[in-house]
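**Q** Below you'll find the structure I mean.
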Amino acid sequence: MNNNSTMTCRTRAEKSSVWLVGAGPGDPELLTVKAVRILSQADAVLYDSLISPQILDLLPRRCTRIHTGKRCGAHSMTQQEINQTLLAAARKYSCVVRLKGGDPFIFGRGGEELEYLHNHGIEASVIPGITAAGGCAAAAGIPLTHRDYGNALVLHSGHSRFNEFSPCQNPTRVFYMGLRQAGPITAHLLQQGLDEETPVALITNGTLPQQQVHKGVLSDLPWLAQQALSDSTGPGLIFVGDVAAMARAGSQHKASQAVA
Ligand SMILES: C[S@@+](CC[C@H](N)C(=O)[O-])C[C@H]1O[C@@H](n2cnc3c(N)ncnc32)[C@H](O)[C@@H]1O
């Protein structure tokens, strides 16, 4: 990061001035450096109830603060009202932050808000946060995976859109260390009953300037993995599930180069 990048919200590479920012599980010191940079430049912030006051203290005094609520049983705005307020703020202010607890893309409805903005001609950027599972596990000394005791992690919503528990019907699977095992992984998933047209996305060097995204369907996974391995020697993840279709293929992560 150069000095200028600590001063600007909108950068040459970062054309968008709307940010979905993950605030982490609560401890302000678990915010990312990028989140702190963008928060310190925000003109308007829409924030959820779980955001701690110490994190809001990082906002400039001039910043307009909009509390969206969103605690179980105490919603102060509907999702539609949040979407509309976010859009109005995006049209009015030059640096707008939608601040969410944990990670915006894990049970945070960040995907819906991103889609809403996109459908109205506004591209937002996402800054991930430490999700509650990671934060709480670290705080309590629970290793989420362990070579001897656990080789997978399932993050499950405890309630559905109808406010009740629903079983794991449409999970997103993410395989770490899987590119060289794409053949057996594919065979296993097909055997489990997954449709061969299930969307997949392979991401190598994620978040780095050399990030690459390969997209396709499950039956093509072994071939896509070969492509990814021949295009890059970097680390990779395999995403399997309907949401993988939403990946921006070939997208480069926005570099943190500031406008000169
Ligand atoms: C709507 S979900 C949002 C999850 C968030 N996007 C994330 O990535 O952690 C809110 C739920 O996350 C869990 N949660 C969030 N912060 C937590 C914390 N500091 N300690 C324990 N659970 C937490 C609780 O189950 C809470 O009801």
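Ordered as shown in the structure tokens, chains take letters A, B, and onward, while each chain numbers its residues from 1 and ligands are numbered from 1 in the order shown.
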Env of Pro235 (chain A): 12 Å cut, atoms = only C-alpha atoms, seq-sep filter 2 positions within chain, self excluded. Answer as a list of chain:residue names.
**A**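 Here the qualifying residues turn out to be A:Phe175, A:Tyr176, A:Met177, A:Gly178, A:Leu179, A:Arg180, A:Leu202, A:Ile203, A:Thr204, A:Asn205, A:Gly206, A:Thr207, A:Leu208, A:Gln210, A:Gln211, A:Gln212, A:Ala225, A:Ala228, A:Leu229, A:Asp231, A:Ser232, A:Thr233, A:Leu237, A:Ile238.
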**Q** Skipping near chain neighbours, those fewer than 5 positions away, what residues fall within 9 Å of Leu87 (chain A) using only C-alpha atoms, listed as a list in words?
**A**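 Neighbouring residues, sequence-local ones excluded: Ile82, Lys92, Tyr116, Leu117, His120 and Ile122 of chain A.
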**Q** Go ahead and save the residues from that selection, with N, CA and C atoms, as a PDB file, in the first residue's frame.
**A**
ATOM      1  N   ILE A  82     -33.603  -0.976   3.397  1.00  0.00           N
ATOM      2  CA  ILE A  82     -32.132  -0.872   3.437  1.00  0.00           C
ATOM      3  C   ILE A  82     -31.593  -0.704   2.014  1.00  0.00           C
ATOM      4  N   LYS A  92     -25.975  10.026  -3.598  1.00  0.00           N
ATOM      5  CA  LYS A  92     -25.785  11.343  -2.972  1.00  0.00           C
ATOM      6  C   LYS A  92     -24.337  11.582  -2.530  1.00  0.00           C
ATOM      7  N   TYR A 116     -28.787  -5.669  -5.919  1.00  0.00           N
ATOM      8  CA  TYR A 116     -29.715  -4.529  -6.012  1.00  0.00           C
ATOM      9  C   TYR A 116     -28.994  -3.307  -6.589  1.00  0.00           C
ATOM     10  N   LEU A 117     -27.792  -3.044  -6.049  1.00  0.00           N
ATOM     11  CA  LEU A 117     -27.029  -1.894  -6.549  1.00  0.00           C
ATOM     12  C   LEU A 117     -26.675  -2.092  -8.018  1.00  0.00           C
ATOM     13  N   HIS A 120     -29.224  -1.349 -10.421  1.00  0.00           N
ATOM     14  CA  HIS A 120     -29.496   0.080 -10.564  1.00  0.00           C
ATOM     15  C   HIS A 120     -28.243   0.818 -11.063  1.00  0.00           C
ATOM     16  N   ILE A 122     -25.013   0.538 -10.216  1.00  0.00           N
ATOM     17  CA  ILE A 122     -23.919   0.885  -9.293  1.00  0.00           C
ATOM     18  C   ILE A 122     -23.133  -0.361  -8.925  1.00  0.00           C
TER      19      ILE A 122
END
**Q** To one decimal place, how far is atom 5 (C, counted along the ligand's line) of ligand 1 from CA of Gln169 (chain A) in Å?
**A**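 Going from atom 5 (C, counted along the ligand's line) of ligand 1 over to CA of Gln169 (chain A) covers 19.9 Å.
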**Q** Please identify the residues whose atoms come within 12 Å of ligand 1, using only C-alpha atoms and all ligand atoms, and report them as a CSV table (one decimal) with N, CA and C atoms, in the first residue's frame.
**A**
chain,number,residue,atom,x,y,z
A,20,LEU,N,-19.2,-2.6,0.6
A,20,LEU,CA,-19.8,-3.5,1.5
A,20,LEU,C,-18.6,-4.0,2.4
A,21,VAL,N,-18.6,-3.6,3.7
A,21,VAL,CA,-17.5,-3.8,4.5
A,21,VAL,C,-17.8,-4.8,5.7
A,22,GLY,N,-17.0,-5.8,5.9
A,22,GLY,CA,-17.2,-6.7,7.0
A,22,GLY,C,-16.5,-6.1,8.2
A,23,ALA,N,-17.3,-6.0,9.3
A,23,ALA,CA,-16.7,-5.4,10.5
A,23,ALA,C,-16.1,-6.5,11.5
A,24,GLY,N,-16.2,-7.7,11.1
A,24,GLY,CA,-15.7,-8.8,12.0
A,24,GLY,C,-16.6,-9.1,13.1
A,25,PRO,N,-16.2,-9.9,14.1
A,25,PRO,CA,-17.2,-10.4,15.1
A,25,PRO,C,-17.4,-9.4,16.2
A,26,GLY,N,-16.7,-8.3,16.3
A,26,GLY,CA,-17.0,-7.4,17.4
A,26,GLY,C,-15.7,-6.6,17.8
A,27,ASP,N,-14.6,-7.3,18.1
A,27,ASP,CA,-13.4,-6.7,18.6
A,27,ASP,C,-12.9,-5.8,17.4
A,28,PRO,N,-12.8,-4.4,17.7
A,28,PRO,CA,-12.4,-3.5,16.6
A,28,PRO,C,-11.0,-3.9,16.0
A,30,LEU,N,-10.0,-6.6,15.1
A,30,LEU,CA,-10.2,-7.6,14.1
A,30,LEU,C,-10.7,-7.1,12.8
A,48,ASP,N,-25.3,-2.1,10.8
A,48,ASP,CA,-26.2,-3.0,11.5
A,48,ASP,C,-26.1,-2.9,13.0
A,49,SER,N,-27.0,-3.5,13.8
A,49,SER,CA,-27.0,-3.4,15.2
A,49,SER,C,-25.8,-4.0,15.9
A,50,LEU,N,-25.2,-5.0,15.3
A,50,LEU,CA,-24.1,-5.7,16.0
A,50,LEU,C,-22.7,-4.9,15.9
A,51,ILE,N,-22.7,-3.8,15.2
A,51,ILE,CA,-21.5,-3.1,15.0
A,51,ILE,C,-21.1,-2.4,16.4
A,52,SER,N,-19.9,-2.6,16.9
A,52,SER,CA,-19.6,-2.0,18.2
A,52,SER,C,-19.3,-0.5,18.1
A,69,GLY,N,-30.6,-1.3,11.9
A,69,GLY,CA,-31.2,-2.3,12.9
A,69,GLY,C,-30.7,-3.7,12.5
A,70,LYS,N,-31.7,-4.6,12.4
A,70,LYS,CA,-31.4,-6.0,12.0
A,70,LYS,C,-30.9,-6.8,13.2
A,71,ARG,N,-31.6,-6.7,14.3
A,71,ARG,CA,-31.5,-7.8,15.3
A,71,ARG,C,-32.8,-8.5,15.3
A,72,CYS,N,-32.6,-9.8,15.6
A,72,CYS,CA,-33.8,-10.7,15.6
A,72,CYS,C,-34.9,-10.1,16.4
A,73,GLY,N,-36.1,-9.9,15.8
A,73,GLY,CA,-37.2,-9.4,16.6
A,73,GLY,C,-37.2,-7.9,16.8
A,75,HIS,N,-36.1,-5.5,14.1
A,75,HIS,CA,-35.7,-4.9,12.8
A,75,HIS,C,-36.1,-3.4,12.8
A,99,LEU,N,-21.9,-1.3,6.3
A,99,LEU,CA,-21.1,-1.9,7.3
A,99,LEU,C,-21.9,-3.0,8.0
A,100,LYS,N,-21.3,-4.3,7.9
A,100,LYS,CA,-22.0,-5.4,8.4
A,100,LYS,C,-21.2,-6.2,9.4
A,101,GLY,N,-21.8,-6.8,10.3
A,101,GLY,CA,-21.1,-7.7,11.3
A,101,GLY,C,-20.4,-8.9,10.6
A,102,GLY,N,-19.3,-9.3,11.0
A,102,GLY,CA,-18.7,-10.5,10.5
A,102,GLY,C,-18.2,-10.3,9.0
A,103,ASP,N,-18.7,-11.2,8.2
A,103,ASP,CA,-18.3,-11.1,6.7
A,103,ASP,C,-19.6,-10.8,6.0
A,104,PRO,N,-19.6,-9.8,5.0
A,104,PRO,CA,-20.9,-9.5,4.3
A,104,PRO,C,-21.5,-10.6,3.5
A,105,PHE,N,-20.7,-11.6,3.1
A,105,PHE,CA,-21.2,-12.7,2.3
A,105,PHE,C,-21.5,-13.9,3.0
A,106,ILE,N,-21.4,-13.9,4.4
A,106,ILE,CA,-21.8,-15.1,5.1
A,106,ILE,C,-23.0,-14.7,6.0
A,107,PHE,N,-24.2,-15.2,5.6
A,107,PHE,CA,-25.4,-14.9,6.2
A,107,PHE,C,-25.6,-13.4,6.5
A,108,GLY,N,-25.1,-12.6,5.6
A,108,GLY,CA,-25.2,-11.2,5.8
A,108,GLY,C,-26.0,-10.4,4.8
A,109,ARG,N,-26.6,-11.1,3.8
A,109,ARG,CA,-27.4,-10.6,2.7
A,109,ARG,C,-26.7,-9.6,1.9
A,110,GLY,N,-25.3,-9.7,2.0
A,110,GLY,CA,-24.5,-8.8,1.1
A,110,GLY,C,-24.7,-9.1,-0.4
A,111,GLY,N,-24.9,-10.4,-0.7
A,111,GLY,CA,-25.2,-10.7,-2.1
A,111,GLY,C,-26.4,-10.0,-2.7
A,127,ILE,N,-15.3,-5.7,1.0
A,127,ILE,CA,-14.2,-5.9,1.9
A,127,ILE,C,-14.6,-7.0,2.9
A,128,PRO,N,-14.0,-8.2,2.8
A,128,PRO,CA,-14.4,-9.3,3.7
A,128,PRO,C,-14.1,-9.0,5.1
A,129,GLY,N,-14.8,-9.7,6.0
A,129,GLY,CA,-14.5,-9.5,7.4
A,129,GLY,C,-14.3,-10.9,8.1
A,130,ILE,N,-13.8,-10.9,9.2
A,130,ILE,CA,-13.7,-12.2,9.9
A,130,ILE,C,-15.1,-12.6,10.4
A,131,THR,N,-15.6,-13.8,9.9
A,131,THR,CA,-16.9,-14.2,10.2
A,131,THR,C,-17.0,-14.7,11.7
A,132,ALA,N,-18.2,-14.7,12.2
A,132,ALA,CA,-18.4,-15.0,13.6
A,132,ALA,C,-17.8,-16.4,14.0
A,133,ALA,N,-17.9,-17.3,13.1
A,133,ALA,CA,-17.4,-18.7,13.4
A,133,ALA,C,-15.9,-18.6,13.6
A,134,GLY,N,-15.2,-17.9,12.7
A,134,GLY,CA,-13.7,-17.8,12.9
A,134,GLY,C,-13.3,-17.1,14.1
A,135,GLY,N,-14.0,-15.9,14.3
A,135,GLY,CA,-13.7,-15.1,15.5
A,135,GLY,C,-13.9,-15.8,16.8
A,136,CYS,N,-15.1,-16.4,16.9
A,136,CYS,CA,-15.5,-17.1,18.2
A,136,CYS,C,-14.6,-18.3,18.4
A,137,ALA,N,-14.3,-19.0,17.3
A,137,ALA,CA,-13.5,-20.2,17.4
A,137,ALA,C,-12.1,-19.8,18.0
A,138,ALA,N,-11.5,-18.8,17.4
A,138,ALA,CA,-10.2,-18.3,17.8
A,138,ALA,C,-10.3,-17.9,19.3
A,139,ALA,N,-11.3,-17.1,19.6
A,139,ALA,CA,-11.5,-16.6,21.0
A,139,ALA,C,-11.6,-17.7,22.0
A,140,ALA,N,-12.2,-18.9,21.6
A,140,ALA,CA,-12.5,-20.0,22.5
A,140,ALA,C,-11.5,-21.1,22.4
A,155,LEU,N,-20.9,-24.2,7.7
A,155,LEU,CA,-21.6,-23.0,8.3
A,155,LEU,C,-23.0,-23.1,7.9
A,156,HIS,N,-23.9,-23.1,8.8
A,156,HIS,CA,-25.3,-23.4,8.6
A,156,HIS,C,-26.1,-22.3,9.2
A,157,SER,N,-27.1,-21.8,8.4
A,157,SER,CA,-28.0,-20.8,9.0
A,157,SER,C,-29.0,-21.5,9.9
A,158,GLY,N,-29.3,-20.9,11.1
A,158,GLY,CA,-30.2,-21.6,12.0
A,158,GLY,C,-31.7,-21.3,11.7
A,159,HIS,N,-31.9,-20.3,10.8
A,159,HIS,CA,-33.3,-20.1,10.4
A,159,HIS,C,-33.3,-19.7,8.9
A,160,SER,N,-34.5,-19.9,8.3
A,160,SER,CA,-34.7,-19.6,6.9
A,160,SER,C,-35.4,-18.2,6.8
A,161,ARG,N,-35.7,-17.9,5.5
A,161,ARG,CA,-36.4,-16.6,5.3
A,161,ARG,C,-37.8,-16.6,5.9
A,163,ASN,N,-38.2,-17.6,8.9
A,163,ASN,CA,-37.9,-17.5,10.4
A,163,ASN,C,-38.0,-18.9,11.1
**Q** With DSSP run on the backbone, what are the strand (DSSP E or B) residues within region 179-218 of chain A? I'd like them as a list in words.
**A**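 Here is the list: Pro199, Val200, Ala201, Leu202, Ile203, Thr204, Gln212, Val213, His214, Lys215, Gly216 and Val217 of chain A.
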**Q** Write the residues of the preceding selection, restricted to N, CA and C atoms, as a PDB file, in the first residue's frame.
**A**
ATOM      1  N   PRO A 199     -23.034 -25.288 -10.848  1.00  0.00           N
ATOM      2  CA  PRO A 199     -21.966 -24.317 -11.129  1.00  0.00           C
ATOM      3  C   PRO A 199     -20.730 -24.540 -10.250  1.00  0.00           C
ATOM      4  N   VAL A 200     -19.559 -24.292 -10.834  1.00  0.00           N
ATOM      5  CA  VAL A 200     -18.302 -24.326 -10.076  1.00  0.00           C
ATOM      6  C   VAL A 200     -17.483 -23.089 -10.441  1.00  0.00           C
ATOM      7  N   ALA A 201     -16.656 -22.661  -9.516  1.00  0.00           N
ATOM      8  CA  ALA A 201     -15.717 -21.560  -9.791  1.00  0.00           C
ATOM      9  C   ALA A 201     -14.399 -21.904  -9.117  1.00  0.00           C
ATOM     10  N   LEU A 202     -13.310 -21.717  -9.827  1.00  0.00           N
ATOM     11  CA  LEU A 202     -11.982 -21.970  -9.280  1.00  0.00           C
ATOM     12  C   LEU A 202     -11.269 -20.629  -9.184  1.00  0.00           C
ATOM     13  N   ILE A 203     -10.763 -20.325  -8.031  1.00  0.00           N
ATOM     14  CA  ILE A 203     -10.095 -19.031  -7.845  1.00  0.00           C
ATOM     15  C   ILE A 203      -8.665 -19.279  -7.398  1.00  0.00           C
ATOM     16  N   THR A 204      -7.730 -18.778  -8.189  1.00  0.00           N
ATOM     17  CA  THR A 204      -6.314 -18.894  -7.808  1.00  0.00           C
ATOM     18  C   THR A 204      -5.794 -17.499  -7.479  1.00  0.00           C
ATOM     19  N   GLN A 212      -7.100 -15.123 -10.595  1.00  0.00           N
ATOM     20  CA  GLN A 212      -7.799 -15.633 -11.773  1.00  0.00           C
ATOM     21  C   GLN A 212      -9.026 -16.414 -11.335  1.00  0.00           C
ATOM     22  N   VAL A 213     -10.098 -16.305 -12.125  1.00  0.00           N
ATOM     23  CA  VAL A 213     -11.322 -17.053 -11.849  1.00  0.00           C
ATOM     24  C   VAL A 213     -11.671 -17.888 -13.075  1.00  0.00           C
ATOM     25  N   HIS A 214     -11.816 -19.193 -12.884  1.00  0.00           N
ATOM     26  CA  HIS A 214     -12.273 -20.084 -13.947  1.00  0.00           C
ATOM     27  C   HIS A 214     -13.656 -20.578 -13.548  1.00  0.00           C
ATOM     28  N   LYS A 215     -14.615 -20.453 -14.462  1.00  0.00           N
ATOM     29  CA  LYS A 215     -16.003 -20.855 -14.153  1.00  0.00           C
ATOM     30  C   LYS A 215     -16.476 -21.953 -15.081  1.00  0.00           C
ATOM     31  N   GLY A 216     -17.408 -22.748 -14.586  1.00  0.00           N
ATOM     32  CA  GLY A 216     -17.992 -23.773 -15.436  1.00  0.00           C
ATOM     33  C   GLY A 216     -19.011 -24.559 -14.640  1.00  0.00           C
ATOM     34  N   VAL A 217     -19.161 -25.834 -15.011  1.00  0.00           N
ATOM     35  CA  VAL A 217     -20.088 -26.706 -14.293  1.00  0.00           C
ATOM     36  C   VAL A 217     -19.327 -27.929 -13.797  1.00  0.00           C
TER      37      VAL A 217
END
**Q** Determine which residues of region 21-238 of chain A receive a DSSP assignment of alpha helix (DSSP H), computed from the backbone, and state them as a VMD selection string.
**A** chain A and resid 33 to 39 53 to 56 79 to 92 110 to 119 132 to 140 182 to 191 221 to 231
